[in-house]
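Have a look at the structure below before the remarks.
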Amino acid sequence: MSAIRVSDLRKSYGEHEALRGISFTIEEGEVFSLLGPNGAGKTTTVEILEGYRARDGGSVEVLGFDPARAQTAYRQQIGVVLQQSQLWANLTVAETHRMFAGYYERPRDIDEVIQLVGLREKRDARVKTLSGGQKRRLDLGVALVGDPDLIFLDEPTTGFDPAARRAAWEMIRSLRSLGKTILLTTHYLDEAEQLADRVAVLREGRIVSEGTPAELTGGTQETEVRYRRDGHEVVLRTTEPTRLLHQLTEEALAEGRELEGLTVRRPTLEDVYLLLTQDAQA
Amino acid sequence: MRLFWHQLRSEQLVFWRSREAAVFVFLFPLLLFALLTAVYNGHLYGRPASWALLAGMLGYGAANTAFAGLALILISRRELGILKRIRATPLPTATYLVAVLCSIMIVFALQAVSLCVLGRLLKSTPWPAHLLSVVLALALVAAAFAGLGLAITGFIRSLEGSSAALNLVVLPMAFLSGSFGTTRHYPRALRAIGDVLPLKYLLDAINAVYLHGRELWDKPTAVAVLAGWGVFGIAVAMRKFRWEPREG
């Protein structure tokens with residue numbers, strides 16, 4: 001069964017068309033990533049699904065609800081990590097979790113959640129004493145305390161150092177293993193590649209590509225072959241790498257020279273992403 | 001109902017845990033009262049000055065707590081994204097706002113009691129004779145100011161300077177309305193401004209009840225004006241109140 005079904009979703013802010021008719025479906029238990037540069041419409045999409053914004057057109061169904069009308073019953077089942085939000089600086093980690101736990105019918109044990117997000121040592125520390133990464137984990141903790149089926153993560157690791165990002169990725173993987181459905185927005189390619197079962201690349205309010213990370217980088221994409229000849233870099237792209245390499249090595253052997261600096265590279269998600277989004281950034 | 005009590009408890013915890021709020025909102029009127037009674041002597045409104053100042057500080061406290069304190073709490077939560085985050089939970093927004101209002105009322109009630117006790121200790125001010133009228137008057141005015149406090153959040157766009165901006169409203173209002181002494185000798189123009197402000201009518205009512213032993217219902221004009229300001233505040237708040245910070 002699909003957790004989220006979005007069809008021809010449209011949204012404008014004044015003259016600016018933020019979403020120009022996007023459609024996607026997310027299955028239960030899936031980690032789905034909306035990937036795109038700033039201003040592509042990621043947050044607008046997520047905030048429509050979370051029920052913060054009204055859409056201008058199209059249909060949206062989340063866990064069987066229309067988020068534009070859904071109230072408490074819907075909110076019992078979702079967990080939200082906003083792109084930017086803070087919590088009470090003077091409460092402790094445990095008090096903050098307890099406050100949020102009180103809003104839900106069947107909350108999880110708060111100490112279990114605090115443990116899950118790796119804040120056990122900080123359980124009784126005031127929120128204002130936490131580091132940036134720890135505050136973000138607190139955001140995740142209060143998003144999980146209601147034991148939601150569906151979790152929205154809007155750029156959960158923006159501003160993290162590499163170690164903190166890896167820790168956050170581990171946590172998101174552990175949520176996935178609990179069977180949660182996760183919608184993740186990010187502008188980090190490696191993050192989408194590492195975490196998502198499927199990725200939709202968003203550009204200027206349109207989905208320009210969608211699929212598994214492997215599909216996005218595979219398909220009709222070409223393989224790149226590079227080597228140096230007489231000090232010049234030679235770059236060849238081919239859909240038949242075997243044939244091309246055979247030709248190159250055969251020639252080189254016949255002429256008794258080396259293919260200096262030979263590399264054969266499959267396009268990474270980054271290449272695809274740059275290709276798909278480069279017009280927007282030009 | 002369970003959600004309401006949960007939120008009310010949470011609000012009290014958040015309020016008293018924050019030293020700045022507790023000092024600025026709760027203690028400030030008490031400090032001001034102690035200072036003013038130390039320097040004012042003689043009589044005001046035909047009663048010892050300390051009695052009149054106690055009534056004045058109850059009024060100022062209502063404005064400072066229910067209006068400025070409430071507005072500051074909501075503006076800071078809005079700008080930090082806390083209000084937005086709360087809206088994603090199953091807590092109904094009405095329950096949330098009512099709990100926030102009740103919480104600030106509790107703070108004001110404690111403050112009013114503390115003022116009376118402080119007056120008793122420092123200057124032997126009498127306890128209010130008509131307790132019901134005093135409580136009703138303070139509850140009415142706190143509600144009216146809370147309505148206005150909700151409304152003004154829509155006009156203050158950022159956290160920086162919001163405290164100063166609120167004091168720019170509260171302190172002149174308190175002066176013009178007579179919280180710090182009688183306005184009888186003020187220039188006519190200033191008195192005219194005072195005459196439209198809600199605090200003036202609260203002080204009318206409180207003075208009548210506390211200083212002159214009348215009942216609240218002997219002052220129907222004051223009650224009507226305060227209720228009017230409260231309704232006006234709620235009406236503006238319904239149009240202007242925002243849950244989210246301005247887009248960055």
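Lettering and numbering for the structure tokens are positional, with chains as A, B, ... in the shown order, residues counted from 1 in each chain, and ligands counted from 1 in the shown order.
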Using only C-alpha atoms, which residues of chain B come within 7 Å of chain A, and what is the closest atom pair for each, with the distance in Å to one decimal? Give it as a Markdown table, sorted by chain and residue number.
```
| residue | atom | partner | partner_atom | distance |
| --- | --- | --- | --- | --- |
| B:Leu3 | CA | A:Tyr103 | CA | 6.6 |
| B:His6 | CA | A:Gly102 | CA | 6.6 |
| B:Ser10 | CA | A:Met99 | CA | 6.5 |
| B:Val14 | CA | A:Leu91 | CA | 6.8 |
| B:Arg17 | CA | A:Asn90 | CA | 6.0 |
| B:Ser18 | CA | A:Asn90 | CA | 6.2 |
| B:Leu80 | CA | A:Gln86 | CA | 5.4 |
| B:Gly81 | CA | A:Ser85 | CA | 4.4 |
| B:Ile82 | CA | A:Leu87 | CA | 5.9 |
| B:Arg85 | CA | A:Ser85 | CA | 6.9 |
| B:Ala88 | CA | A:Arg75 | CA | 6.4 |
| B:Thr89 | CA | A:Arg75 | CA | 5.5 |
| B:Pro90 | CA | A:Thr72 | CA | 4.4 |
| B:Leu91 | CA | A:Tyr103 | CA | 5.6 |
```
Taking C-alpha atoms for each residue, export the selection above as a PDB file, in the first residue's frame.
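So selection-v6.pdb came out as:
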```pdb
ATOM      1  CA  LEU B   3      -4.089  17.667  26.903  1.00  0.00           C
ATOM      2  CA  HIS B   6      -0.541  18.560  30.318  1.00  0.00           C
ATOM      3  CA  SER B  10       4.369  22.322  30.626  1.00  0.00           C
ATOM      4  CA  VAL B  14       8.802  26.610  30.753  1.00  0.00           C
ATOM      5  CA  ARG B  17      12.568  27.789  34.193  1.00  0.00           C
ATOM      6  CA  SER B  18      13.428  30.907  32.201  1.00  0.00           C
ATOM      7  CA  LEU B  80      12.234  30.269  16.955  1.00  0.00           C
ATOM      8  CA  GLY B  81       9.874  27.961  15.067  1.00  0.00           C
ATOM      9  CA  ILE B  82       8.409  26.454  18.243  1.00  0.00           C
ATOM     10  CA  ARG B  85       6.649  22.729  15.405  1.00  0.00           C
ATOM     11  CA  ALA B  88       2.636  19.474  13.604  1.00  0.00           C
ATOM     12  CA  THR B  89       1.608  17.615  16.773  1.00  0.00           C
ATOM     13  CA  PRO B  90      -1.901  16.383  17.583  1.00  0.00           C
ATOM     14  CA  LEU B  91      -2.287  19.139  20.194  1.00  0.00           C
TER      15      LEU B  91
END
```
So that I can see what lies close to segment 167-179 of chain B, please list as a PyMOL selection string the residues with an atom at most 6 Å from it, counting only C-alpha atoms and leaving out residues fewer than 2 positions away in the same chain. chain B and resi 56+60+164-165+181-183+194+199-200
How about saving the chosen residues, N, CA, C and O atoms kept, as a tab-separated table (two decimals), in the first residue's frame?
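Listed below is the output, again-v7.tsv:
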```tsv
chain	number	residue	atom	x	y	z
B	56	GLY	N	-2.24	50.86	41.56
B	56	GLY	CA	-1.59	51.20	40.29
B	56	GLY	C	-0.70	50.09	39.79
B	56	GLY	O	-0.68	49.77	38.59
B	60	TYR	N	-0.52	48.01	36.41
B	60	TYR	CA	0.69	47.92	35.60
B	60	TYR	C	1.11	46.45	35.43
B	60	TYR	O	1.48	46.02	34.34
B	164	ALA	N	11.78	45.74	23.82
B	164	ALA	CA	11.81	47.20	23.88
B	164	ALA	C	10.53	47.78	23.29
B	164	ALA	O	9.92	48.71	23.85
B	165	ALA	N	10.08	47.22	22.17
B	165	ALA	CA	8.87	47.73	21.53
B	165	ALA	C	7.66	47.58	22.44
B	165	ALA	O	6.82	48.48	22.54
B	181	GLY	N	0.75	57.16	39.80
B	181	GLY	CA	0.27	58.33	40.51
B	181	GLY	C	-0.86	58.98	39.73
B	181	GLY	O	-1.08	58.64	38.56
B	182	THR	N	-1.52	59.91	40.36
B	182	THR	CA	-2.70	60.51	39.73
B	182	THR	C	-2.33	61.31	38.47
B	182	THR	O	-1.23	61.86	38.38
B	183	THR	N	-3.25	61.32	37.53
B	183	THR	CA	-3.02	62.05	36.27
B	183	THR	C	-3.67	63.43	36.33
B	183	THR	O	-3.73	64.13	35.32
B	194	GLY	N	-4.84	59.22	27.70
B	194	GLY	CA	-5.08	58.26	28.77
B	194	GLY	C	-6.53	57.79	28.80
B	194	GLY	O	-6.81	56.63	29.09
B	199	LEU	N	-5.95	50.60	30.26
B	199	LEU	CA	-5.41	50.57	31.62
B	199	LEU	C	-6.08	51.62	32.51
B	199	LEU	O	-6.29	51.41	33.70
B	200	LYS	N	-6.42	52.76	31.90
B	200	LYS	CA	-7.09	53.82	32.64
B	200	LYS	C	-8.38	53.31	33.28
B	200	LYS	O	-8.70	53.61	34.44
```
From a DSSP pass on the backbone, collect the residues of segment 57-257 of chain A flagged as alpha helix (DSSP H) and hand them back as a VMD selection string. chain A and resid 72 to 75 93 to 101 110 to 116 132 to 144 162 to 177 189 to 195 213 to 217 241 to 255
Taking only segment 52-261 of chain A into account, list the residues labelled strand (DSSP E) by DSSP (computed from the backbone), as JSON, numbers by chain. {"A": [57, 58, 59, 60, 61, 62, 78, 79, 80, 81, 150, 151, 152, 153, 154, 181, 182, 183, 184, 185, 186, 198, 199, 200, 201, 202, 203, 206, 207, 208, 209, 210, 211, 223, 224, 225, 226, 227, 228, 229, 232, 233, 234, 235, 236, 237, 238, 260, 261]}
Counting only C-alpha atoms, the option among B:Phe67, B:Trp51, B:Tyr40, B:Phe4 closest to Val25 of chain B: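 Answer, going by the shortest atom-to-atom distance: B:Phe67.
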Can you pull out every residue within 12 Å of Ala22 of chain B, counting only C-alpha atoms, but drop anything in the same chain fewer than 4 positions away, and send it as a PyMOL selection string? chain B and resi 12-18+26-30+64-65+69+73+104+107-108+110-111
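Of the listed residues (A:Gly211, A:Glu255, A:Lys122, A:Leu189), A:Leu189 comes nearest to Leu274 of chain A; the distances count only C-alpha atoms.
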Compile the contact shell of Arg47 of chain B as an MDAnalysis selection string: residues with an atom at most 12 Å away, counting only C-alpha atoms, same-chain residues fewer than 3 positions apart removed. chainID B and resid 41:44 50:55 125:126 181:182 207:208 210:213
Store the residues picked out above, limited to C-alpha atoms, as an mmCIF file, in the first residue's frame.
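Dumped to out.cif:
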```cif
data_model
loop_
_atom_site.group_PDB
_atom_site.id
_atom_site.type_symbol
_atom_site.label_atom_id
_atom_site.label_comp_id
_atom_site.auth_asym_id
_atom_site.auth_seq_id
_atom_site.Cartn_x
_atom_site.Cartn_y
_atom_site.Cartn_z
ATOM 1 C CA ASN B 41 4.572 59.817 50.708
ATOM 2 C CA GLY B 42 1.398 61.634 51.498
ATOM 3 C CA HIS B 43 -1.949 60.867 49.948
ATOM 4 C CA LEU B 44 -3.301 60.003 46.525
ATOM 5 C CA SER B 50 1.054 53.290 49.155
ATOM 6 C CA TRP B 51 -2.540 52.095 48.840
ATOM 7 C CA ALA B 52 -2.973 53.935 45.541
ATOM 8 C CA LEU B 53 0.386 52.700 44.295
ATOM 9 C CA LEU B 54 -0.592 49.132 45.123
ATOM 10 C CA ALA B 55 -3.713 49.560 42.991
ATOM 11 C CA THR B 125 -1.689 48.280 53.082
ATOM 12 C CA PRO B 126 -5.085 46.740 53.819
ATOM 13 C CA GLY B 181 0.274 58.333 40.510
ATOM 14 C CA THR B 182 -2.701 60.505 39.730
ATOM 15 C CA ASN B 207 -9.309 52.278 42.610
ATOM 16 C CA ALA B 208 -13.054 52.250 43.140
ATOM 17 C CA TYR B 210 -9.778 48.753 46.479
ATOM 18 C CA LEU B 211 -9.514 52.361 47.646
ATOM 19 C CA HIS B 212 -13.137 53.302 47.996
ATOM 20 C CA GLY B 213 -14.836 50.048 48.913
#
```
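Between atom CA of Ile152 of chain B and atom CA of Lys84 of chain B lies a distance of 18.4 Å.
You can rank B:Ile75, B:Ala189, B:Ala109, B:Leu150 by their closest distance to Ala137 of chain B using only C-alpha atoms, and at the top of that list sits B:Ala109.
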Non-local contacts of Thr212 of chain A (10 Å; only C-alpha atoms; under 2 positions in same chain excluded) as a list in words: Phe32, Ser33, Ala192, Glu193, Ala196, Asp197, Arg198, Val199, Ala200, Glu210, Ala214, Glu215, Leu216, Thr217 and Gly218 of chain A
Any chance you could export the current selection's N, CA, C and O atoms as a CSV table (one decimal), in the first residue's frame?
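That gives us out-v7.csv:
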```csv
chain,number,residue,atom,x,y,z
A,32,PHE,N,12.3,7.7,0.8
A,32,PHE,CA,12.2,8.4,-0.5
A,32,PHE,C,12.8,9.8,-0.3
A,32,PHE,O,12.6,10.4,0.7
A,33,SER,N,13.7,10.1,-1.3
A,33,SER,CA,14.4,11.4,-1.1
A,33,SER,C,14.0,12.4,-2.2
A,33,SER,O,14.0,12.0,-3.4
A,192,ALA,N,21.4,11.3,-0.4
A,192,ALA,CA,20.3,10.6,-1.1
A,192,ALA,C,20.8,9.2,-1.5
A,192,ALA,O,20.0,8.2,-1.4
A,193,GLU,N,22.0,9.1,-2.0
A,193,GLU,CA,22.5,7.9,-2.5
A,193,GLU,C,22.7,6.9,-1.4
A,193,GLU,O,22.4,5.7,-1.6
A,196,ALA,N,18.4,6.6,0.4
A,196,ALA,CA,17.1,6.5,-0.2
A,196,ALA,C,17.0,5.2,-1.0
A,196,ALA,O,17.9,4.8,-1.7
A,197,ASP,N,15.8,4.7,-0.9
A,197,ASP,CA,15.4,3.6,-1.8
A,197,ASP,C,15.1,4.2,-3.2
A,197,ASP,O,15.5,3.6,-4.2
A,198,ARG,N,14.5,5.3,-3.2
A,198,ARG,CA,14.2,6.0,-4.4
A,198,ARG,C,14.4,7.5,-4.3
A,198,ARG,O,14.2,8.0,-3.2
A,199,VAL,N,14.8,8.1,-5.4
A,199,VAL,CA,15.1,9.5,-5.4
A,199,VAL,C,14.3,10.2,-6.5
A,199,VAL,O,14.2,9.7,-7.6
A,200,ALA,N,13.8,11.4,-6.1
A,200,ALA,CA,13.2,12.2,-7.2
A,200,ALA,C,14.0,13.5,-7.2
A,200,ALA,O,14.2,14.1,-6.2
A,210,GLU,N,13.5,10.5,-11.8
A,210,GLU,CA,13.0,9.7,-10.6
A,210,GLU,C,13.4,8.3,-10.7
A,210,GLU,O,13.3,7.7,-11.8
A,214,ALA,N,20.5,3.6,-8.4
A,214,ALA,CA,21.1,2.9,-9.4
A,214,ALA,C,20.5,3.2,-10.8
A,214,ALA,O,21.2,3.3,-11.8
A,215,GLU,N,19.2,3.3,-10.8
A,215,GLU,CA,18.5,3.6,-12.1
A,215,GLU,C,18.9,5.0,-12.6
A,215,GLU,O,19.1,5.2,-13.7
A,216,LEU,N,19.0,5.9,-11.6
A,216,LEU,CA,19.4,7.3,-12.0
A,216,LEU,C,20.8,7.4,-12.6
A,216,LEU,O,21.0,8.1,-13.6
A,217,THR,N,21.7,6.6,-12.1
A,217,THR,CA,23.0,6.6,-12.6
A,217,THR,C,23.2,5.6,-13.7
A,217,THR,O,24.2,5.7,-14.4
A,218,GLY,N,22.3,4.7,-13.9
A,218,GLY,CA,22.4,3.7,-15.0
A,218,GLY,C,21.7,4.1,-16.2
A,218,GLY,O,21.8,5.2,-16.6
```
Rounded to one decimal place, report the atom CA of Glu244 of chain B-atom CA of Arg78 of chain B distance in Å.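 Between atom CA of Glu244 of chain B and atom CA of Arg78 of chain B the gap works out to 5.6 Å.
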Neighbour list for segment 223-236 of chain B as JSON, numbers by chain, cut-off 12 Å, only C-alpha atoms, skip fewer than 3 positions in-chain: {"B": [66, 67, 133, 136, 137, 138, 139, 140, 141, 142, 143, 144, 145, 146, 147, 148, 149, 150, 151, 152, 153, 154, 155, 195, 196, 197, 198, 199, 200, 201, 202, 203, 204, 205, 206, 215, 216, 217, 218, 219, 220, 239, 240, 241, 242]}
Restricting the calculation to only C-alpha atoms: of A:Thr185, A:Gly141, A:Leu236, A:Glu204, which residue gets closest to His16 of chain A?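 Closest to His16 of chain A, using only C-alpha atoms: A:Glu204.
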Closest to Pro241 of chain A among A:Glu222, A:Asp154, A:Glu61, A:Glu258, using only C-alpha atoms? A:Glu222
Any idea what's packed within 12 Å of Thr238 of chain A, counting only C-alpha atoms, ignoring anything in its chain fewer than 3 positions away? Could you give it as a ChimeraX atom specification? /A:220-226,235,241-245,264-267
Write out the residues from the selection above, keeping N, CA, C and O atoms, as a tab-separated table (two decimals), in the first residue's frame.
```
chain	number	residue	atom	x	y	z
A	220	THR	N	20.55	4.88	-19.72
A	220	THR	CA	21.22	5.24	-20.96
A	220	THR	C	22.49	6.04	-20.70
A	220	THR	O	23.12	6.52	-21.63
A	221	GLN	N	22.84	6.16	-19.42
A	221	GLN	CA	24.01	6.98	-19.13
A	221	GLN	C	25.29	6.37	-19.70
A	221	GLN	O	25.44	5.17	-19.77
A	222	GLU	N	26.19	7.25	-20.06
A	222	GLU	CA	27.42	6.80	-20.68
A	222	GLU	C	28.52	6.58	-19.65
A	222	GLU	O	28.49	7.16	-18.57
A	223	THR	N	29.46	5.76	-20.06
A	223	THR	CA	30.65	5.56	-19.25
A	223	THR	C	31.74	6.47	-19.77
A	223	THR	O	31.86	6.70	-20.98
A	224	GLU	N	32.51	6.98	-18.86
A	224	GLU	CA	33.53	7.94	-19.24
A	224	GLU	C	34.90	7.26	-19.18
A	224	GLU	O	35.24	6.62	-18.19
A	225	VAL	N	35.68	7.41	-20.25
A	225	VAL	CA	37.03	6.85	-20.29
A	225	VAL	C	38.02	8.00	-20.46
A	225	VAL	O	37.83	8.85	-21.35
A	226	ARG	N	38.99	8.05	-19.60
A	226	ARG	CA	39.99	9.13	-19.67
A	226	ARG	C	41.39	8.56	-19.72
A	226	ARG	O	41.68	7.57	-19.04
A	235	VAL	N	39.20	12.60	-23.22
A	235	VAL	CA	38.00	12.15	-22.53
A	235	VAL	C	37.03	11.59	-23.58
A	235	VAL	O	36.70	12.28	-24.54
A	241	PRO	N	31.37	0.54	-23.42
A	241	PRO	CA	32.72	0.67	-22.87
A	241	PRO	C	33.64	-0.50	-23.23
A	241	PRO	O	34.84	-0.30	-23.43
A	242	THR	N	33.08	-1.68	-23.36
A	242	THR	CA	33.92	-2.85	-23.65
A	242	THR	C	34.59	-2.70	-25.01
A	242	THR	O	35.80	-2.86	-25.16
A	243	ARG	N	33.75	-2.35	-26.00
A	243	ARG	CA	34.27	-2.18	-27.34
A	243	ARG	C	35.32	-1.06	-27.40
A	243	ARG	O	36.39	-1.22	-27.99
A	244	LEU	N	35.00	0.07	-26.77
A	244	LEU	CA	35.90	1.21	-26.81
A	244	LEU	C	37.24	0.87	-26.18
A	244	LEU	O	38.31	1.16	-26.74
A	245	LEU	N	37.19	0.22	-25.01
A	245	LEU	CA	38.43	-0.11	-24.31
A	245	LEU	C	39.27	-1.09	-25.13
A	245	LEU	O	40.49	-0.99	-25.20
A	264	VAL	N	38.34	4.47	-15.98
A	264	VAL	CA	37.03	4.16	-16.53
A	264	VAL	C	36.04	4.42	-15.40
A	264	VAL	O	36.19	3.91	-14.31
A	265	ARG	N	35.09	5.26	-15.68
A	265	ARG	CA	34.24	5.70	-14.57
A	265	ARG	C	32.77	5.65	-14.97
A	265	ARG	O	32.40	6.13	-16.04
A	266	ARG	N	31.98	5.04	-14.11
A	266	ARG	CA	30.54	5.11	-14.28
A	266	ARG	C	30.11	6.47	-13.75
A	266	ARG	O	30.69	6.98	-12.80
A	267	PRO	N	29.10	7.09	-14.32
A	267	PRO	CA	28.66	8.37	-13.76
A	267	PRO	C	28.12	8.16	-12.35
A	267	PRO	O	27.46	7.17	-12.08
```
